file start-v4.pdb (PDB, C-alpha atoms)
ATOM      1  CA  MET A 848      45.995 -16.629-163.932  1.00  0.00           C
ATOM      2  CA  LYS A 849      46.116 -19.322-161.243  1.00  0.00           C
ATOM      3  CA  LYS A 850      48.902 -17.439-159.432  1.00  0.00           C
ATOM      4  CA  LEU A 851      46.800 -14.271-159.424  1.00  0.00           C
ATOM      5  CA  GLN A 852      43.832 -16.220-158.064  1.00  0.00           C
ATOM      6  CA  ASN A 853      45.975 -17.609-155.237  1.00  0.00           C
ATOM      7  CA  ILE A 854      47.162 -14.109-154.330  1.00  0.00           C
ATOM      8  CA  VAL A 855      43.562 -12.871-154.246  1.00  0.00           C
ATOM      9  CA  ASN A 856      42.468 -15.826-152.099  1.00  0.00           C
ATOM     10  CA  ASN A 857      45.340 -15.407-149.630  1.00  0.00           C
ATOM     11  CA  TYR A 858      45.191 -11.635-149.339  1.00  0.00           C
ATOM     12  CA  ALA A 859      41.499 -10.956-149.926  1.00  0.00           C
ATOM     13  CA  ALA A 860      41.020  -9.053-146.656  1.00  0.00           C
ATOM     14  CA  LEU A 861      44.112  -6.894-147.256  1.00  0.00           C
ATOM     15  CA  ILE A 862      43.088  -6.111-150.840  1.00  0.00           C
ATOM     16  CA  LEU A 863      39.571  -5.208-149.725  1.00  0.00           C
ATOM     17  CA  GLY A 864      40.915  -2.959-146.965  1.00  0.00           C
ATOM     18  CA  ILE A 865      43.327  -1.131-149.289  1.00  0.00           C
ATOM     19  CA  GLY A 866      40.572  -0.718-151.877  1.00  0.00           C
ATOM     20  CA  PHE A 867      38.223   0.737-149.281  1.00  0.00           C
ATOM     21  CA  LEU A 868      40.859   3.215-148.052  1.00  0.00           C
ATOM     22  CA  LEU A 869      41.642   4.317-151.635  1.00  0.00           C
ATOM     23  CA  LEU A 870      37.934   4.805-152.351  1.00  0.00           C
ATOM     24  CA  TRP A 871      37.519   6.756-149.108  1.00  0.00           C
ATOM     25  CA  GLU A 872      40.540   8.967-149.888  1.00  0.00           C
ATOM     26  CA  THR A 873      39.334   9.597-153.440  1.00  0.00           C
ATOM     27  CA  ALA A 874      35.809  10.473-152.289  1.00  0.00           C
ATOM     28  CA  GLY A 875      37.217  12.973-149.789  1.00  0.00           C
ATOM     29  CA  TYR A 876      39.610  14.479-152.351  1.00  0.00           C
ATOM     30  CA  LEU A 877      36.776  14.986-154.861  1.00  0.00           C
ATOM     31  CA  GLY A 878      34.589  16.601-152.202  1.00  0.00           C
ATOM     32  CA  TRP A 879      31.975  13.868-152.105  1.00  0.00           C
ATOM     33  CA  LEU A 880      32.273  13.633-148.304  1.00  0.00           C
ATOM     34  CA  PRO A 881      31.824  16.475-145.772  1.00  0.00           C
ATOM     35  CA  GLN A 882      35.435  16.889-144.590  1.00  0.00           C
ATOM     36  CA  PHE A 883      34.476  18.598-141.338  1.00  0.00           C
ATOM     37  CA  ILE A 884      32.647  15.398-140.279  1.00  0.00           C
ATOM     38  CA  ILE A 885      34.434  12.595-142.172  1.00  0.00           C
ATOM     39  CA  PRO A 886      38.184  13.214-142.553  1.00  0.00           C
ATOM     40  CA  THR A 887      40.132  11.295-145.179  1.00  0.00           C
ATOM     41  CA  PRO A 888      42.543   8.475-144.251  1.00  0.00           C
ATOM     42  CA  SER A 889      45.518  10.784-144.970  1.00  0.00           C
ATOM     43  CA  GLU A 890      44.155  13.375-142.526  1.00  0.00           C
ATOM     44  CA  ILE A 891      43.606  10.686-139.898  1.00  0.00           C
ATOM     45  CA  PHE A 892      47.169   9.454-140.422  1.00  0.00           C
ATOM     46  CA  LYS A 893      48.453  13.019-140.062  1.00  0.00           C
ATOM     47  CA  ALA A 894      46.501  13.364-136.796  1.00  0.00           C
ATOM     48  CA  LEU A 895      48.042  10.095-135.575  1.00  0.00           C
ATOM     49  CA  MET A 896      51.529  11.442-136.249  1.00  0.00           C
ATOM     50  CA  GLN A 897      50.813  14.777-134.574  1.00  0.00           C
ATOM     51  CA  GLU A 898      49.042  13.353-131.528  1.00  0.00           C
ATOM     52  CA  TRP A 899      50.947  10.092-131.033  1.00  0.00           C
ATOM     53  CA  GLN A 900      52.403  11.026-127.651  1.00  0.00           C
ATOM     54  CA  THR A 901      49.011  12.059-126.257  1.00  0.00           C
ATOM     55  CA  LEU A 902      47.359   8.981-127.754  1.00  0.00           C
ATOM     56  CA  ILE A 903      49.984   6.639-126.273  1.00  0.00           C
ATOM     57  CA  TYR A 904      49.642   8.255-122.839  1.00  0.00           C
ATOM     58  CA  ASN A 905      45.842   7.969-122.844  1.00  0.00           C
ATOM     59  CA  SER A 906      45.964   4.466-124.341  1.00  0.00           C
ATOM     60  CA  ALA A 907      48.190   3.312-121.466  1.00  0.00           C
ATOM     61  CA  ILE A 908      45.639   4.531-118.918  1.00  0.00           C
ATOM     62  CA  THR A 909      42.729   2.871-120.722  1.00  0.00           C
ATOM     63  CA  LEU A 910      44.725  -0.337-121.186  1.00  0.00           C
ATOM     64  CA  TYR A 911      45.666  -0.450-117.492  1.00  0.00           C
ATOM     65  CA  GLN A 912      42.000  -0.186-116.493  1.00  0.00           C
ATOM     66  CA  ALA A 913      41.006  -2.815-119.058  1.00  0.00           C
ATOM     67  CA  MET A 914      43.685  -5.302-117.991  1.00  0.00           C
ATOM     68  CA  ALA A 915      43.017  -4.804-114.270  1.00  0.00           C
ATOM     69  CA  GLY A 916      39.306  -5.408-114.805  1.00  0.00           C
ATOM     70  CA  LEU A 917      39.948  -8.369-117.116  1.00  0.00           C
ATOM     71  CA  LEU A 918      42.304 -10.136-114.699  1.00  0.00           C
ATOM     72  CA  ILE A 919      39.907  -9.685-111.778  1.00  0.00           C
ATOM     73  CA  GLY A 920      37.051 -10.780-114.043  1.00  0.00           C
ATOM     74  CA  ILE A 921      38.915 -13.980-115.003  1.00  0.00           C
ATOM     75  CA  LEU A 922      39.530 -14.883-111.354  1.00  0.00           C
ATOM     76  CA  LEU A 923      35.905 -14.184-110.394  1.00  0.00           C
ATOM     77  CA  ALA A 924      34.634 -16.063-113.450  1.00  0.00           C
ATOM     78  CA  PHE A 925      36.597 -19.212-112.572  1.00  0.00           C
ATOM     79  CA  ALA A 926      35.535 -19.009-108.932  1.00  0.00           C
ATOM     80  CA  LEU A 927      31.891 -18.588-109.932  1.00  0.00           C
ATOM     81  CA  ALA A 928      32.035 -21.306-112.609  1.00  0.00           C
ATOM     82  CA  ILE A 929      33.604 -23.799-110.177  1.00  0.00           C
ATOM     83  CA  GLY A 930      31.041 -22.923-107.515  1.00  0.00           C
ATOM     84  CA  MET A 931      28.169 -23.281-109.989  1.00  0.00           C
ATOM     85  CA  ASP A 932      29.552 -26.615-111.193  1.00  0.00           C
ATOM     86  CA  ARG A 933      30.182 -27.958-107.694  1.00  0.00           C
ATOM     87  CA  ILE A 934      27.043 -26.769-105.872  1.00  0.00           C
ATOM     88  CA  PRO A 935      23.721 -26.947-107.778  1.00  0.00           C
ATOM     89  CA  TRP A 936      21.934 -24.269-105.751  1.00  0.00           C
ATOM     90  CA  ILE A 937      24.637 -21.713-106.593  1.00  0.00           C
ATOM     91  CA  ARG A 938      24.037 -22.393-110.290  1.00  0.00           C
ATOM     92  CA  ARG A 939      20.268 -22.042-109.869  1.00  0.00           C
ATOM     93  CA  ALA A 940      20.724 -18.825-107.878  1.00  0.00           C
ATOM     94  CA  PHE A 941      23.304 -17.021-110.018  1.00  0.00           C
ATOM     95  CA  TYR A 942      22.711 -18.223-113.587  1.00  0.00           C
ATOM     96  CA  PRO A 943      19.508 -16.176-114.179  1.00  0.00           C
ATOM     97  CA  TYR A 944      21.217 -13.019-112.924  1.00  0.00           C
ATOM     98  CA  LEU A 945      24.158 -13.613-115.246  1.00  0.00           C
ATOM     99  CA  ILE A 946      21.716 -13.754-118.156  1.00  0.00           C
ATOM    100  CA  VAL A 947      19.863 -10.638-116.967  1.00  0.00           C
ATOM    101  CA  SER A 948      23.156  -8.738-116.610  1.00  0.00           C
ATOM    102  CA  GLN A 949      23.675  -9.035-120.372  1.00  0.00           C
ATOM    103  CA  THR A 950      20.366  -7.313-121.114  1.00  0.00           C
ATOM    104  CA  ILE A 951      21.443  -4.081-119.390  1.00  0.00           C
ATOM    105  CA  PRO A 952      23.272  -1.678-121.752  1.00  0.00           C
ATOM    106  CA  THR A 953      26.794  -0.720-120.715  1.00  0.00           C
ATOM    107  CA  VAL A 954      26.014   2.969-121.198  1.00  0.00           C
ATOM    108  CA  ALA A 955      23.224   2.620-118.636  1.00  0.00           C
ATOM    109  CA  ILE A 956      25.466   1.024-115.989  1.00  0.00           C
ATOM    110  CA  ALA A 957      28.466   3.328-116.372  1.00  0.00           C
ATOM    111  CA  PRO A 958      26.845   6.566-115.100  1.00  0.00           C
ATOM    112  CA  ILE A 959      25.535   4.750-112.015  1.00  0.00           C
ATOM    113  CA  LEU A 960      28.990   3.358-111.244  1.00  0.00           C
ATOM    114  CA  VAL A 961      30.513   6.825-111.673  1.00  0.00           C
ATOM    115  CA  LEU A 962      27.871   8.264-109.336  1.00  0.00           C
ATOM    116  CA  TRP A 963      28.574   5.595-106.708  1.00  0.00           C
ATOM    117  CA  LEU A 964      32.353   5.220-107.052  1.00  0.00           C
ATOM    118  CA  GLY A 965      33.534   8.612-108.286  1.00  0.00           C
ATOM    119  CA  TYR A 966      35.506   9.696-111.349  1.00  0.00           C
ATOM    120  CA  GLY A 967      38.681   7.686-110.715  1.00  0.00           C
ATOM    121  CA  MET A 968      39.694   4.305-112.119  1.00  0.00           C
ATOM    122  CA  THR A 969      37.503   2.219-109.810  1.00  0.00           C
ATOM    123  CA  PRO A 970      34.186   2.556-111.739  1.00  0.00           C
ATOM    124  CA  LYS A 971      35.972   1.817-115.022  1.00  0.00           C
ATOM    125  CA  ILE A 972      37.558  -1.344-113.622  1.00  0.00           C
ATOM    126  CA  VAL A 973      34.223  -2.468-112.126  1.00  0.00           C
ATOM    127  CA  LEU A 974      32.484  -1.932-115.485  1.00  0.00           C
ATOM    128  CA  VAL A 975      35.155  -3.992-117.265  1.00  0.00           C
ATOM    129  CA  ILE A 976      34.671  -6.784-114.707  1.00  0.00           C
ATOM    130  CA  LEU A 977      30.924  -6.784-115.329  1.00  0.00           C
ATOM    131  CA  THR A 978      31.307  -6.864-119.115  1.00  0.00           C
ATOM    132  CA  THR A 979      33.996  -9.579-119.195  1.00  0.00           C
ATOM    133  CA  LEU A 980      32.588 -11.927-116.557  1.00  0.00           C
ATOM    134  CA  PHE A 981      29.691 -13.462-118.503  1.00  0.00           C
ATOM    135  CA  PRO A 982      31.496 -14.873-121.602  1.00  0.00           C
ATOM    136  CA  ILE A 983      34.161 -16.564-119.475  1.00  0.00           C
ATOM    137  CA  VAL A 984      31.742 -18.052-116.922  1.00  0.00           C
ATOM    138  CA  ILE A 985      29.445 -19.474-119.608  1.00  0.00           C
ATOM    139  CA  ASN A 986      32.283 -20.921-121.687  1.00  0.00           C
ATOM    140  CA  VAL A 987      34.061 -22.465-118.692  1.00  0.00           C
ATOM    141  CA  LEU A 988      30.784 -24.077-117.586  1.00  0.00           C
ATOM    142  CA  GLU A 989      30.362 -25.518-121.089  1.00  0.00           C
ATOM    143  CA  GLY A 990      33.904 -26.843-120.856  1.00  0.00           C
ATOM    144  CA  PHE A 991      33.124 -28.542-117.543  1.00  0.00           C
ATOM    145  CA  ALA A 992      29.988 -30.072-119.087  1.00  0.00           C
ATOM    146  CA  SER A 993      32.003 -31.441-122.041  1.00  0.00           C
ATOM    147  CA  VAL A 994      34.179 -33.621-119.793  1.00  0.00           C
ATOM    148  CA  ASP A 995      34.398 -37.297-120.692  1.00  0.00           C
ATOM    149  CA  LYS A 996      32.012 -38.890-118.170  1.00  0.00           C
ATOM    150  CA  ASP A 997      33.863 -42.209-118.299  1.00  0.00           C
ATOM    151  CA  ALA A 998      37.101 -40.503-117.219  1.00  0.00           C
ATOM    152  CA  GLU A 999      35.266 -38.668-114.452  1.00  0.00           C
ATOM    153  CA  ASN A1000      33.577 -41.861-113.235  1.00  0.00           C
ATOM    154  CA  LEU A1001      36.893 -43.725-113.321  1.00  0.00           C
ATOM    155  CA  LEU A1002      38.524 -41.110-111.086  1.00  0.00           C
ATOM    156  CA  GLN A1003      35.570 -41.269-108.693  1.00  0.00           C
ATOM    157  CA  LEU A1004      35.894 -45.072-108.514  1.00  0.00           C
ATOM    158  CA  MET A1005      39.577 -44.595-107.700  1.00  0.00           C
ATOM    159  CA  GLY A1006      38.599 -42.373-104.769  1.00  0.00           C
ATOM    160  CA  ALA A1007      39.382 -38.984-106.288  1.00  0.00           C
ATOM    161  CA  ASP A1008      37.658 -36.000-104.704  1.00  0.00           C
ATOM    162  CA  TYR A1009      36.202 -33.009-106.587  1.00  0.00           C
ATOM    163  CA  GLN A1010      39.438 -30.990-106.409  1.00  0.00           C
ATOM    164  CA  GLN A1011      41.404 -33.825-108.035  1.00  0.00           C
ATOM    165  CA  ILE A1012      38.788 -34.335-110.743  1.00  0.00           C
ATOM    166  CA  LEU A1013      38.789 -30.580-111.350  1.00  0.00           C
ATOM    167  CA  ARG A1014      42.578 -30.425-111.667  1.00  0.00           C
ATOM    168  CA  HIS A1015      43.108 -33.540-113.786  1.00  0.00           C
ATOM    169  CA  VAL A1016      39.980 -33.641-115.964  1.00  0.00           C
ATOM    170  CA  LYS A1017      37.700 -30.609-115.870  1.00  0.00           C
ATOM    171  CA  LEU A1018      40.190 -27.766-116.104  1.00  0.00           C
ATOM    172  CA  PRO A1019      42.156 -29.309-119.016  1.00  0.00           C
ATOM    173  CA  ALA A1020      38.880 -30.030-120.845  1.00  0.00           C
ATOM    174  CA  SER A1021      37.678 -26.442-120.371  1.00  0.00           C
ATOM    175  CA  LEU A1022      40.820 -24.703-121.668  1.00  0.00           C
ATOM    176  CA  SER A1023      39.670 -24.346-125.277  1.00  0.00           C
ATOM    177  CA  TYR A1024      36.266 -23.117-124.093  1.00  0.00           C
ATOM    178  CA  PHE A1025      37.946 -20.660-121.721  1.00  0.00           C
ATOM    179  CA  PHE A1026      40.033 -19.146-124.514  1.00  0.00           C
ATOM    180  CA  SER A1027      36.926 -18.794-126.688  1.00  0.00           C
ATOM    181  CA  GLY A1028      35.323 -16.746-123.927  1.00  0.00           C
ATOM    182  CA  LEU A1029      38.548 -14.843-123.270  1.00  0.00           C
ATOM    183  CA  LYS A1030      38.765 -13.693-126.893  1.00  0.00           C
ATOM    184  CA  ILE A1031      35.321 -12.124-126.517  1.00  0.00           C
ATOM    185  CA  SER A1032      36.107 -10.658-123.109  1.00  0.00           C
ATOM    186  CA  VAL A1033      39.438  -9.125-124.071  1.00  0.00           C
ATOM    187  CA  SER A1034      37.770  -7.082-126.822  1.00  0.00           C
ATOM    188  CA  TYR A1035      34.941  -6.118-124.449  1.00  0.00           C
ATOM    189  CA  ALA A1036      37.486  -5.065-121.810  1.00  0.00           C
ATOM    190  CA  PHE A1037      39.214  -2.321-123.795  1.00  0.00           C
ATOM    191  CA  VAL A1038      36.034  -0.995-125.410  1.00  0.00           C
ATOM    192  CA  GLY A1039      34.212  -1.121-122.052  1.00  0.00           C
ATOM    193  CA  SER A1040      36.983   0.936-120.473  1.00  0.00           C
ATOM    194  CA  VAL A1041      36.642   3.544-123.235  1.00  0.00           C
ATOM    195  CA  ILE A1042      32.854   3.712-122.796  1.00  0.00           C
ATOM    196  CA  ALA A1043      33.243   4.197-119.042  1.00  0.00           C
ATOM    197  CA  GLU A1044      35.628   7.093-119.725  1.00  0.00           C
ATOM    198  CA  TRP A1045      33.068   8.723-122.021  1.00  0.00           C
ATOM    199  CA  LEU A1046      30.667   9.039-119.122  1.00  0.00           C
ATOM    200  CA  GLY A1047      33.054  10.293-116.471  1.00  0.00           C
ATOM    201  CA  GLY A1048      36.788  10.610-116.074  1.00  0.00           C
ATOM    202  CA  PHE A1049      39.833  12.817-116.390  1.00  0.00           C
ATOM    203  CA  GLU A1050      42.182  10.758-118.586  1.00  0.00           C
ATOM    204  CA  GLY A1051      42.079   7.938-121.102  1.00  0.00           C
ATOM    205  CA  LEU A1052      41.087   7.454-124.735  1.00  0.00           C
ATOM    206  CA  GLY A1053      37.402   7.928-123.957  1.00  0.00           C
ATOM    207  CA  VAL A1054      38.052  11.343-122.406  1.00  0.00           C
ATOM    208  CA  TYR A1055      40.368  12.214-125.315  1.00  0.00           C
ATOM    209  CA  MET A1056      37.592  11.365-127.809  1.00  0.00           C
ATOM    210  CA  ILE A1057      35.033  13.501-125.970  1.00  0.00           C
ATOM    211  CA  ARG A1058      37.420  16.467-125.917  1.00  0.00           C
ATOM    212  CA  ALA A1059      38.204  15.999-129.623  1.00  0.00           C
ATOM    213  CA  LYS A1060      34.480  15.881-130.446  1.00  0.00           C
ATOM    214  CA  ASN A1061      33.753  19.014-128.421  1.00  0.00           C
ATOM    215  CA  ALA A1062      36.597  20.801-130.226  1.00  0.00           C
ATOM    216  CA  PHE A1063      35.257  19.553-133.615  1.00  0.00           C
ATOM    217  CA  SER A1064      38.636  17.822-134.201  1.00  0.00           C
ATOM    218  CA  TYR A1065      37.149  14.845-135.976  1.00  0.00           C
ATOM    219  CA  ASP A1066      40.489  13.804-137.431  1.00  0.00           C
ATOM    220  CA  ASN A1067      41.799  13.355-133.860  1.00  0.00           C
ATOM    221  CA  MET A1068      38.625  11.490-132.935  1.00  0.00           C
ATOM    222  CA  PHE A1069      39.065   9.071-135.836  1.00  0.00           C
ATOM    223  CA  ALA A1070      42.730   8.683-134.872  1.00  0.00           C
ATOM    224  CA  ALA A1071      41.608   7.539-131.408  1.00  0.00           C
ATOM    225  CA  ILE A1072      39.231   5.038-133.043  1.00  0.00           C
ATOM    226  CA  VAL A1073      42.147   3.641-135.069  1.00  0.00           C
ATOM    227  CA  VAL A1074      44.174   3.243-131.863  1.00  0.00           C
ATOM    228  CA  ILE A1075      41.259   1.487-130.114  1.00  0.00           C
ATOM    229  CA  SER A1076      40.932  -0.969-133.007  1.00  0.00           C
ATOM    230  CA  ALA A1077      44.691  -1.551-133.153  1.00  0.00           C
ATOM    231  CA  VAL A1078      44.992  -2.206-129.414  1.00  0.00           C
ATOM    232  CA  SER A1079      41.972  -4.547-129.451  1.00  0.00           C
ATOM    233  CA  LEU A1080      43.462  -6.541-132.340  1.00  0.00           C
ATOM    234  CA  PHE A1081      46.822  -6.652-130.564  1.00  0.00           C
ATOM    235  CA  LEU A1082      45.199  -8.035-127.402  1.00  0.00           C
ATOM    236  CA  LEU A1083      43.337 -10.653-129.440  1.00  0.00           C
ATOM    237  CA  GLY A1084      46.636 -11.646-131.043  1.00  0.00           C
ATOM    238  CA  ILE A1085      48.271 -12.024-127.618  1.00  0.00           C
ATOM    239  CA  VAL A1086      45.396 -14.259-126.454  1.00  0.00           C
ATOM    240  CA  ALA A1087      45.711 -16.364-129.620  1.00  0.00           C
ATOM    241  CA  LEU A1088      49.464 -16.836-129.000  1.00  0.00           C
ATOM    242  CA  ILE A1089      48.871 -17.823-125.374  1.00  0.00           C
ATOM    243  CA  GLU A1090      46.157 -20.265-126.472  1.00  0.00           C
ATOM    244  CA  ARG A1091      48.522 -21.856-128.989  1.00  0.00           C
ATOM    245  CA  TRP A1092      51.174 -22.205-126.281  1.00  0.00           C
ATOM    246  CA  VAL A1093      48.802 -23.613-123.629  1.00  0.00           C
ATOM    247  CA  THR A1094      46.765 -25.906-125.922  1.00  0.00           C
ATOM    248  CA  PRO A1095      49.127 -26.913-128.772  1.00  0.00           C
ATOM    249  CA  TRP A1096      47.246 -30.174-129.390  1.00  0.00           C
ATOM    250  CA  GLN A1097      44.404 -28.241-131.051  1.00  0.00           C
ATOM    251  CA  TYR A1098      46.571 -27.280-134.021  1.00  0.00           C
ATOM    252  CA  LYS A1099      47.411 -29.364-137.073  1.00  0.00           C
ATOM    253  CA  ASP A1100      51.153 -28.794-136.824  1.00  0.00           C
ATOM    254  CA  TYR A1101      51.280 -30.238-133.283  1.00  0.00           C
ATOM    255  CA  LYS A1102      53.594 -33.261-132.943  1.00  0.00           C
TER     256      LYS A1102
END

call {"tool": "encode", "arguments": {"input": "start-v4.pdb", "output": "structure tokens"}}
result
Amino acid sequence: MKKLQNIVNNYAALILGIGFLLLWETAGYLGWLPQFIIPTPSEIFKALMQEWQTLIYNSAITLYQAMAGLLIGILLAFALAIGMDRIPWIRRAFYPYLIVSQTIPTVAIAPILVLWLGYGMTPKIVLVILTTLFPIVINVLEGFASVDKDAENLLQLMGADYQQILRHVKLPASLSYFFSGLKISVSYAFVGSVIAEWLGGFEGLGVYMIRAKNAFSYDNMFAAIVVISAVSLFLLGIVALIERWVTPWQYKDYK
């Protein structure tokens, strides 16, 4: 009994997921769900097998846009966070606009960017930058604020300038905060790229989903959703591995 309880505790999420899929498959098989709108897991899996080449091709395009926007967003976020930390008037000037930017829905910004920048990759990359910037800036600023003031004062007494304090104290202290923001941003990046493709584009998972919906191929549409979830989880896993490598002292097994 205790062994069974341990298995349930360790694999609760997996058991719940398998149970949900079995219930979903059974409901579809018995006709409790409208198949033309909600395909069963087996039909979605069949669509994945049939469309895997097309899905991989479109996923690569969406991923490229997401990663390009994320990398630029990280660089801009650090530059803005350092500027806001170093110069008070920059913080007072930009911080309210960063907050306001989060109140504007992504689906409202995307059509404007497409109108201004065309149907290529540029508006998608810009949208990813806008959606990933805020979590990183805010978390890095919190990391800077968490610095040990005694260590900072000691460096100042030793004649260290801001760049030296930043390199030796503030950046190391902000790493865990940065990765917290990056985990949010990396999921926003891929989904934001898909949303931008919904509203204008020629290739990518978002365009694939729109075409599948217009053709009433809901099994293909659900297959694209599975790919989006899988890629997002994969990116989160990569970030977690990098975090463990860069900040090993946060983990219990660190020696």

call {"tool": "atom_distance", "arguments": {"input": "start-v4.pdb", "atom1": "atom CA of A:Ala1043", "atom2": "atom CA of A:Phe925"}}
result
24.5 Å

call {"tool": "resolve_selection", "arguments": {"input": "start-v4.pdb", "expression": "the PyMOL selection byres ((chain A and resi 1020) around 8)", "output": "number ranges by chain"}}
result
A: 990-991, 993-994, 1016-1019, 1021-1023

call {"tool": "residues_around", "arguments": {"input": "start-v4.pdb", "residues": "A:Ile1031", "least_positions_apart": "6", "cutoff": "12 Å", "atoms": "only C-alpha atoms", "output": "PyMOL selection string"}}
result
chain A and resi 917+978-986+1024-1025+1037-1039+1079-1080+1082-1083+1086-1087

call {"tool": "closest_residue", "arguments": {"input": "start-v4.pdb", "among": "A:Trp1092, A:Phe883, A:Tyr911, A:Phe1063", "to": "A:Phe1026", "atoms": "only C-alpha atoms"}}
result
A:Trp1092

call {"tool": "resolve_selection", "arguments": {"input": "start-v4.pdb", "expression": "the PyMOL selection byres ((chain A and resi 1053) around 8)", "output": "ChimeraX atom specification"}}
result
/A:1040-1045,1050-1052,1054-1057

call {"tool": "write_last_selection", "arguments": {"input": "start-v4.pdb", "atoms": "C-alpha atoms", "output": "mmCIF file, in the coordinates of the input"}}
result
data_model
loop_
_atom_site.group_PDB
_atom_site.id
_atom_site.type_symbol
_atom_site.label_atom_id
_atom_site.label_comp_id
_atom_site.auth_asym_id
_atom_site.auth_seq_id
_atom_site.Cartn_x
_atom_site.Cartn_y
_atom_site.Cartn_z
ATOM 1 C CA SER A 1040 36.983 0.936 -120.473
ATOM 2 C CA VAL A 1041 36.642 3.544 -123.235
ATOM 3 C CA ILE A 1042 32.854 3.712 -122.796
ATOM 4 C CA ALA A 1043 33.243 4.197 -119.042
ATOM 5 C CA GLU A 1044 35.628 7.093 -119.725
ATOM 6 C CA TRP A 1045 33.068 8.723 -122.021
ATOM 7 C CA GLU A 1050 42.182 10.758 -118.586
ATOM 8 C CA GLY A 1051 42.079 7.938 -121.102
ATOM 9 C CA LEU A 1052 41.087 7.454 -124.735
ATOM 10 C CA VAL A 1054 38.052 11.343 -122.406
ATOM 11 C CA TYR A 1055 40.368 12.214 -125.315
ATOM 12 C CA MET A 1056 37.592 11.365 -127.809
ATOM 13 C CA ILE A 1057 35.033 13.501 -125.970
#

call {"tool": "closest_residue", "arguments": {"input": "start-v4.pdb", "among": "A:Gly920, A:Pro952, A:Gly930, A:Pro935", "to": "A:Ile976", "atoms": "only C-alpha atoms"}}
result
A:Gly920

call {"tool": "residues_near_point", "arguments": {"input": "start-v4.pdb", "point": "(39.5, 4.6, -137.0)", "cutoff": "12 Å", "atoms": "all atoms listed in the file", "output": "ChimeraX atom specification"}}
result
/A:868,885-892,894-895,1056,1065-1078

call {"tool": "closest_residue", "arguments": {"input": "start-v4.pdb", "among": "A:Thr901, A:Gln1010, A:Thr873, A:Gln882", "to": "A:Asp932", "atoms": "all atoms listed in the file"}}
result
A:Gln1010

call {"tool": "residues_around", "arguments": {"input": "start-v4.pdb", "residues": "A:Leu960", "least_positions_apart": "4", "cutoff": "8 Å", "atoms": "only C-alpha atoms", "output": "ChimeraX atom specification"}}
result
/A:956,964-965,970,973-974

call {"tool": "write_last_selection", "arguments": {"input": "start-v4.pdb", "atoms": "C-alpha atoms", "output": "compact mmCIF listing (two decimals), keeping the file's coordinate frame"}}
result
# COMPACT_ATOMS: atom_id res chain seq x y z
CA ILE A 956 25.47 1.02 -115.99
CA LEU A 964 32.35 5.22 -107.05
CA GLY A 965 33.53 8.61 -108.29
CA PRO A 970 34.19 2.56 -111.74
CA VAL A 973 34.22 -2.47 -112.13
CA LEU A 974 32.48 -1.93 -115.48

call {"tool": "closest_residue", "arguments": {"input": "start-v4.pdb", "among": "A:Phe1049, A:Gln1011, A:Lys1060, A:Glu1090", "to": "A:Asn905", "atoms": "only C-alpha atoms"}}
result
A:Phe1049

call {"tool": "axis_aligned_box", "arguments": {"input": "start-v4.pdb", "around": "stretch 970-979 of chain A", "padding_each_side": "4 Å", "output": "lines of an AutoDock Vina configuration file"}}
result
center_x = 34.2
center_y = -3.5
center_z = -115.5
size_x = 14.6
size_y = 20.1
size_z = 15.5

call {"tool": "atom_distance", "arguments": {"input": "start-v4.pdb", "atom1": "atom CA of A:Pro943", "atom2": "atom CA of A:Ala928"}}
result
13.6 Å

call {"tool": "build_atoms", "arguments": {"input": "start-v4.pdb", "residues": "stretch 927-937 of chain A", "atoms": "N, CA and C atoms", "output": "compact mmCIF listing (two decimals), keeping the file's coordinate frame"}}
result
# COMPACT_ATOMS: atom_id res chain seq x y z
N LEU A 927 33.34 -18.43 -109.79
CA LEU A 927 31.89 -18.59 -109.93
C LEU A 927 31.55 -19.85 -110.73
N ALA A 928 32.30 -20.11 -111.79
CA ALA A 928 32.03 -21.31 -112.61
C ALA A 928 32.26 -22.58 -111.80
N ILE A 929 33.33 -22.62 -111.01
CA ILE A 929 33.60 -23.80 -110.18
C ILE A 929 32.52 -23.97 -109.12
N GLY A 930 32.12 -22.85 -108.51
CA GLY A 930 31.04 -22.92 -107.52
C GLY A 930 29.73 -23.39 -108.12
N MET A 931 29.41 -22.88 -109.32
CA MET A 931 28.17 -23.28 -109.99
C MET A 931 28.22 -24.74 -110.44
N ASP A 932 29.41 -25.22 -110.79
CA ASP A 932 29.55 -26.62 -111.19
C ASP A 932 29.52 -27.55 -109.99
N ARG A 933 30.06 -27.10 -108.88
CA ARG A 933 30.18 -27.96 -107.69
C ARG A 933 28.89 -28.01 -106.88
N ILE A 934 28.21 -26.86 -106.75
CA ILE A 934 27.04 -26.77 -105.87
C ILE A 934 25.83 -26.35 -106.71
N PRO A 935 24.86 -27.23 -106.90
CA PRO A 935 23.72 -26.95 -107.78
C PRO A 935 22.94 -25.69 -107.41
N TRP A 936 22.75 -25.42 -106.11
CA TRP A 936 21.93 -24.27 -105.75
C TRP A 936 22.61 -22.94 -106.12
N ILE A 937 23.93 -22.93 -106.16
CA ILE A 937 24.64 -21.71 -106.59
C ILE A 937 24.36 -21.46 -108.08
